[in-house]
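All remarks here apply to the structure that follows.
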Amino acid sequence: MTGPERYPDDRAGGFPSPPRTVEDAEGRTIELRVYDGTDADREALRAMYEAFDPADRAQGIPPSRPSKLGDWLDRILDDDCYNVFAWDGDDVVGHVTLVPENGTDSPYELAIFVLQSHQGAGIGTALIETTLGYGAEQGISEVWLTVERWNRAAVGLYEKIGFETTDAESFELEMAIRLDDQTESTG
């Protein structure tokens with residue numbers, strides 16, 4: 001899949017960067033941290049995806065078959081991708097990945113997943129904002145995503161953060177954001 005042909009003219013910035021701790025709407029303390037490359041982090045993420053409700057899978061991800069899930073994790077946890085996890089104690093309950101379109105100088109696609117038990121509590125917003133701050137620190141300037149057009153809650157969230165619709169010609173909306181260069185942590 002390729003990203004949009006155009007990006008918003010205005011740049012968005014001031015996003016916090018990891019690590020940071022937030023309290024969600026349920027009063028849970030959630031730690032937002034960069035994937036550290038360890039087997040323990042990978043296995044905690046795998047456990048989250050194995051518990052993921054099939055009804056909440058979009059566009060075939062996360063994959064439900066164990067072999068496909070392993071291959072997908074290999075791809076998104078690769079060194080050219082940027083990943084932030086949301087931790088509730090020892091459990092990963094949310095994950096955002098930024099995956100380069102065609103190498104590290106290209107736009108990055110954003111994908112977000114929050115475990116059903118933690119949805120609707122503000123964790124997704126905090127995860128996206130924190131990941132955009134991390135991406136900006138890494139020199140990423142263009143981020144895009146696709147979302148099913150009927151998913152009004154997600155579309156509203158992305159718009160609130162600063163994403164703009166760049167293509168609405170299919171059952172999915174394509175949305176994009178242009179990031180300010182952010183060289184120091186604000187989190």
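Numbering starts fresh at 1 for the residues of each chain in the structure tokens, the chains themselves are lettered A, B, ... in the order given, and ligands are numbered from 1 as they appear.
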A:Ser117: which residues within 12 Å, counting only C-alpha atoms, same-chain residues fewer than 4 positions away excluded, as a list in words?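 The contact residues come out as Glu26, Arg28, Met48, Ala51, Phe52, Asp53, Asp56, Asp88, Asp91, Val92, Val93, Gly94, Phe113, Ala121 and Ile123 of chain A.
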Env of A:Leu98: 8 Å cut, atoms = only C-alpha atoms, seq-sep filter 3 positions within chain, self excluded. Answer as a PyMOL selection string. chain A and resi 76+81-83+108-111+135+143
Name the residues of chain A that come out as strand (DSSP E) in a backbone DSSP run; write them as a ChimeraX atom specification. /A:11-12,20-23,29-34,82-88,91-100,108-114,142-148,164-167,172-179
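Between A:Asp180 and the residues A:Glu142, A:Asp80, A:Glu50, A:Glu129, the shortest atom-to-atom distance, using only C-alpha atoms, involves A:Glu142.
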Residue with the minimum atom-to-atom distance to A:Arg75, picked from A:Val99, A:Leu145, A:Leu32, A:Ala25 with only C-alpha atoms counted, is A:Val99
For A:Ile30, please output as an mmCIF file with C-alpha atoms, in the first residue's frame all residues within 8 Å (counting only C-alpha atoms; exclusion window: fewer than 3 positions along the same chain).
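Okay, this is what ended up in around36.cif:
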```
data_model
loop_
_atom_site.group_PDB
_atom_site.id
_atom_site.type_symbol
_atom_site.label_atom_id
_atom_site.label_comp_id
_atom_site.auth_asym_id
_atom_site.auth_seq_id
_atom_site.Cartn_x
_atom_site.Cartn_y
_atom_site.Cartn_z
ATOM 1 C CA THR A 21 3.005 7.947 32.114
ATOM 2 C CA VAL A 22 -0.673 8.824 31.756
ATOM 3 C CA GLU A 23 -3.778 8.049 33.757
ATOM 4 C CA ASP A 24 -6.596 6.736 31.608
ATOM 5 C CA ALA A 86 1.111 1.104 26.236
ATOM 6 C CA TRP A 87 1.737 -0.900 29.391
ATOM 7 C CA ASP A 88 -0.770 -1.552 32.171
ATOM 8 C CA GLY A 89 1.520 -3.106 34.755
ATOM 9 C CA ILE A 123 -5.140 5.336 25.725
#
```
Taking only C-alpha atoms into account, name the residue in A:Thr131, A:Thr125, A:Ser106, A:Gln116 that is nearest to A:Val34.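 Looking at the shortest contact to A:Val34, the residue is A:Thr131.
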Could you pull out all residues of chain A with a DSSP call of alpha helix (DSSP H) and give them as number ranges by chain? A: 39-50, 66-76, 123-137, 152-161
Which residues, written as an NGL selection string, have at least one atom at most 7 Å from stretch 139-141 of chain A, with only C-alpha atoms counted and residues fewer than 6 positions away on the same chain left out? :A and (178-181)
Based on the selection just made, write N, CA, C and O atoms of those residues as a short mmCIF file (atom, residue, chain, number, x, y, z; two decimals), in the first residue's frame.
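out_17.cif, written as the output of this step:
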```cif
data_model
loop_
_atom_site.label_atom_id
_atom_site.label_comp_id
_atom_site.auth_asym_id
_atom_site.auth_seq_id
_atom_site.Cartn_x
_atom_site.Cartn_y
_atom_site.Cartn_z
N ARG A 178 1.35 16.19 8.57
CA ARG A 178 2.74 16.62 8.35
C ARG A 178 3.26 17.08 9.71
O ARG A 178 2.64 17.92 10.36
N LEU A 179 4.40 16.55 10.12
CA LEU A 179 4.94 16.83 11.45
C LEU A 179 6.02 17.90 11.42
O LEU A 179 6.82 17.94 10.49
N ASP A 180 6.03 18.72 12.46
CA ASP A 180 7.14 19.64 12.70
C ASP A 180 8.36 18.84 13.10
O ASP A 180 8.24 17.78 13.73
N ASP A 181 9.53 19.35 12.77
CA ASP A 181 10.76 18.77 13.27
C ASP A 181 10.77 19.00 14.77
O ASP A 181 10.61 20.11 15.25
#
```
For A:Glu164: contacts at 9 Å, only C-alpha atoms, fewer than 2 positions along chain excluded, given as a VMD selection string: chain A and resid 7 to 8 158 to 159 162 166 174 to 177
Output file for the selection above: N, CA, C and O atoms, as a JSON list (two decimals), in the first residue's frame:
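Saved as selection.json:
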```json
[["chain", "number", "residue", "atom", "x", "y", "z"],
["A", 7, "TYR", "N", 0.04, 15.89, 1.20],
["A", 7, "TYR", "CA", -0.03, 15.99, 2.65],
["A", 7, "TYR", "C", -0.51, 17.38, 3.01],
["A", 7, "TYR", "O", -0.35, 18.32, 2.22],
["A", 8, "PRO", "N", -1.08, 17.55, 4.20],
["A", 8, "PRO", "CA", -1.53, 18.89, 4.58],
["A", 8, "PRO", "C", -0.39, 19.91, 4.52],
["A", 8, "PRO", "O", 0.77, 19.56, 4.76],
["A", 158, "TYR", "N", -8.62, 10.91, 14.96],
["A", 158, "TYR", "CA", -7.51, 11.31, 14.08],
["A", 158, "TYR", "C", -7.61, 12.78, 13.71],
["A", 158, "TYR", "O", -6.60, 13.49, 13.67],
["A", 159, "GLU", "N", -8.82, 13.26, 13.45],
["A", 159, "GLU", "CA", -9.01, 14.68, 13.12],
["A", 159, "GLU", "C", -8.63, 15.56, 14.31],
["A", 159, "GLU", "O", -8.00, 16.61, 14.13],
["A", 162, "GLY", "N", -4.99, 16.03, 14.44],
["A", 162, "GLY", "CA", -4.44, 16.86, 13.38],
["A", 162, "GLY", "C", -4.37, 16.21, 12.02],
["A", 162, "GLY", "O", -3.92, 16.81, 11.05],
["A", 166, "THR", "N", -7.24, 12.85, 3.02],
["A", 166, "THR", "CA", -6.58, 13.13, 1.74],
["A", 166, "THR", "C", -7.20, 12.34, 0.59],
["A", 166, "THR", "O", -6.95, 12.66, -0.56],
["A", 174, "GLU", "N", -8.37, 7.79, 3.59],
["A", 174, "GLU", "CA", -6.92, 7.94, 3.75],
["A", 174, "GLU", "C", -6.71, 9.29, 4.43],
["A", 174, "GLU", "O", -7.29, 10.30, 4.01],
["A", 175, "MET", "N", -5.94, 9.29, 5.51],
["A", 175, "MET", "CA", -5.71, 10.51, 6.26],
["A", 175, "MET", "C", -4.21, 10.71, 6.44],
["A", 175, "MET", "O", -3.46, 9.73, 6.47],
["A", 176, "ALA", "N", -3.79, 11.97, 6.54],
["A", 176, "ALA", "CA", -2.35, 12.26, 6.65],
["A", 176, "ALA", "C", -2.12, 13.44, 7.57],
["A", 176, "ALA", "O", -3.01, 14.27, 7.80],
["A", 177, "ILE", "N", -0.89, 13.51, 8.06],
["A", 177, "ILE", "CA", -0.44, 14.61, 8.90],
["A", 177, "ILE", "C", 1.01, 14.92, 8.54],
["A", 177, "ILE", "O", 1.77, 14.02, 8.19]]
```
For A:Ala168, work out the shell of residues within 12 Å, counting only C-alpha atoms and skipping chain neighbours fewer than 6 positions away, then give it as a PDB file with N, CA, C and O atoms, in the first residue's frame.
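Saved result, out.pdb, follows:
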```
ATOM      1  N   PRO A   4      -0.591   8.781   0.678  1.00  0.00           N
ATOM      2  CA  PRO A   4      -1.269   9.796  -0.129  1.00  0.00           C
ATOM      3  C   PRO A   4      -0.314  10.531  -1.056  1.00  0.00           C
ATOM      4  O   PRO A   4       0.889  10.581  -0.814  1.00  0.00           O
ATOM      5  N   THR A 146      -4.976   4.622   7.032  1.00  0.00           N
ATOM      6  CA  THR A 146      -6.292   4.393   6.441  1.00  0.00           C
ATOM      7  C   THR A 146      -7.223   3.956   7.561  1.00  0.00           C
ATOM      8  O   THR A 146      -6.797   3.335   8.541  1.00  0.00           O
ATOM      9  N   VAL A 147      -8.482   4.318   7.419  1.00  0.00           N
ATOM     10  CA  VAL A 147      -9.496   3.968   8.416  1.00  0.00           C
ATOM     11  C   VAL A 147     -10.798   3.720   7.671  1.00  0.00           C
ATOM     12  O   VAL A 147     -11.093   4.396   6.683  1.00  0.00           O
ATOM     13  N   GLU A 148     -11.542   2.729   8.125  1.00  0.00           N
ATOM     14  CA  GLU A 148     -12.832   2.461   7.507  1.00  0.00           C
ATOM     15  C   GLU A 148     -13.756   3.650   7.763  1.00  0.00           C
ATOM     16  O   GLU A 148     -13.866   4.125   8.889  1.00  0.00           O
ATOM     17  N   ARG A 149     -14.386   4.138   6.717  1.00  0.00           N
ATOM     18  CA  ARG A 149     -15.147   5.392   6.817  1.00  0.00           C
ATOM     19  C   ARG A 149     -16.293   5.321   7.819  1.00  0.00           C
ATOM     20  O   ARG A 149     -16.678   6.331   8.381  1.00  0.00           O
ATOM     21  N   TRP A 150     -16.811   4.126   8.096  1.00  0.00           N
ATOM     22  CA  TRP A 150     -17.899   4.002   9.066  1.00  0.00           C
ATOM     23  C   TRP A 150     -17.403   4.136  10.504  1.00  0.00           C
ATOM     24  O   TRP A 150     -18.191   4.296  11.433  1.00  0.00           O
ATOM     25  N   VAL A 155     -12.174   8.203  13.185  1.00  0.00           N
ATOM     26  CA  VAL A 155     -11.988   9.362  12.304  1.00  0.00           C
ATOM     27  C   VAL A 155     -11.964  10.641  13.141  1.00  0.00           C
ATOM     28  O   VAL A 155     -11.101  11.510  12.958  1.00  0.00           O
ATOM     29  N   GLU A 174      -8.367   7.791   3.594  1.00  0.00           N
ATOM     30  CA  GLU A 174      -6.925   7.938   3.753  1.00  0.00           C
ATOM     31  C   GLU A 174      -6.714   9.291   4.434  1.00  0.00           C
ATOM     32  O   GLU A 174      -7.288  10.302   4.008  1.00  0.00           O
ATOM     33  N   MET A 175      -5.939   9.289   5.507  1.00  0.00           N
ATOM     34  CA  MET A 175      -5.711  10.514   6.265  1.00  0.00           C
ATOM     35  C   MET A 175      -4.212  10.707   6.436  1.00  0.00           C
ATOM     36  O   MET A 175      -3.458   9.732   6.467  1.00  0.00           O
TER      37      MET A 175
END
```
From the list A:Trp144, A:Gly27, A:Arg46, A:Glu169, which residue is nearest A:Pro107 when using only C-alpha atoms?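 Of A:Trp144, A:Gly27, A:Arg46, A:Glu169, the one nearest A:Pro107, counting only C-alpha atoms, is A:Trp144.
Between atom CA of A:Gln138 and atom CA of A:Ser17 lies a distance of 10.7 Å.
In this model, the gap between atom CA of A:Arg42 and atom CA of A:Gly122 comes to 23.6 Å.
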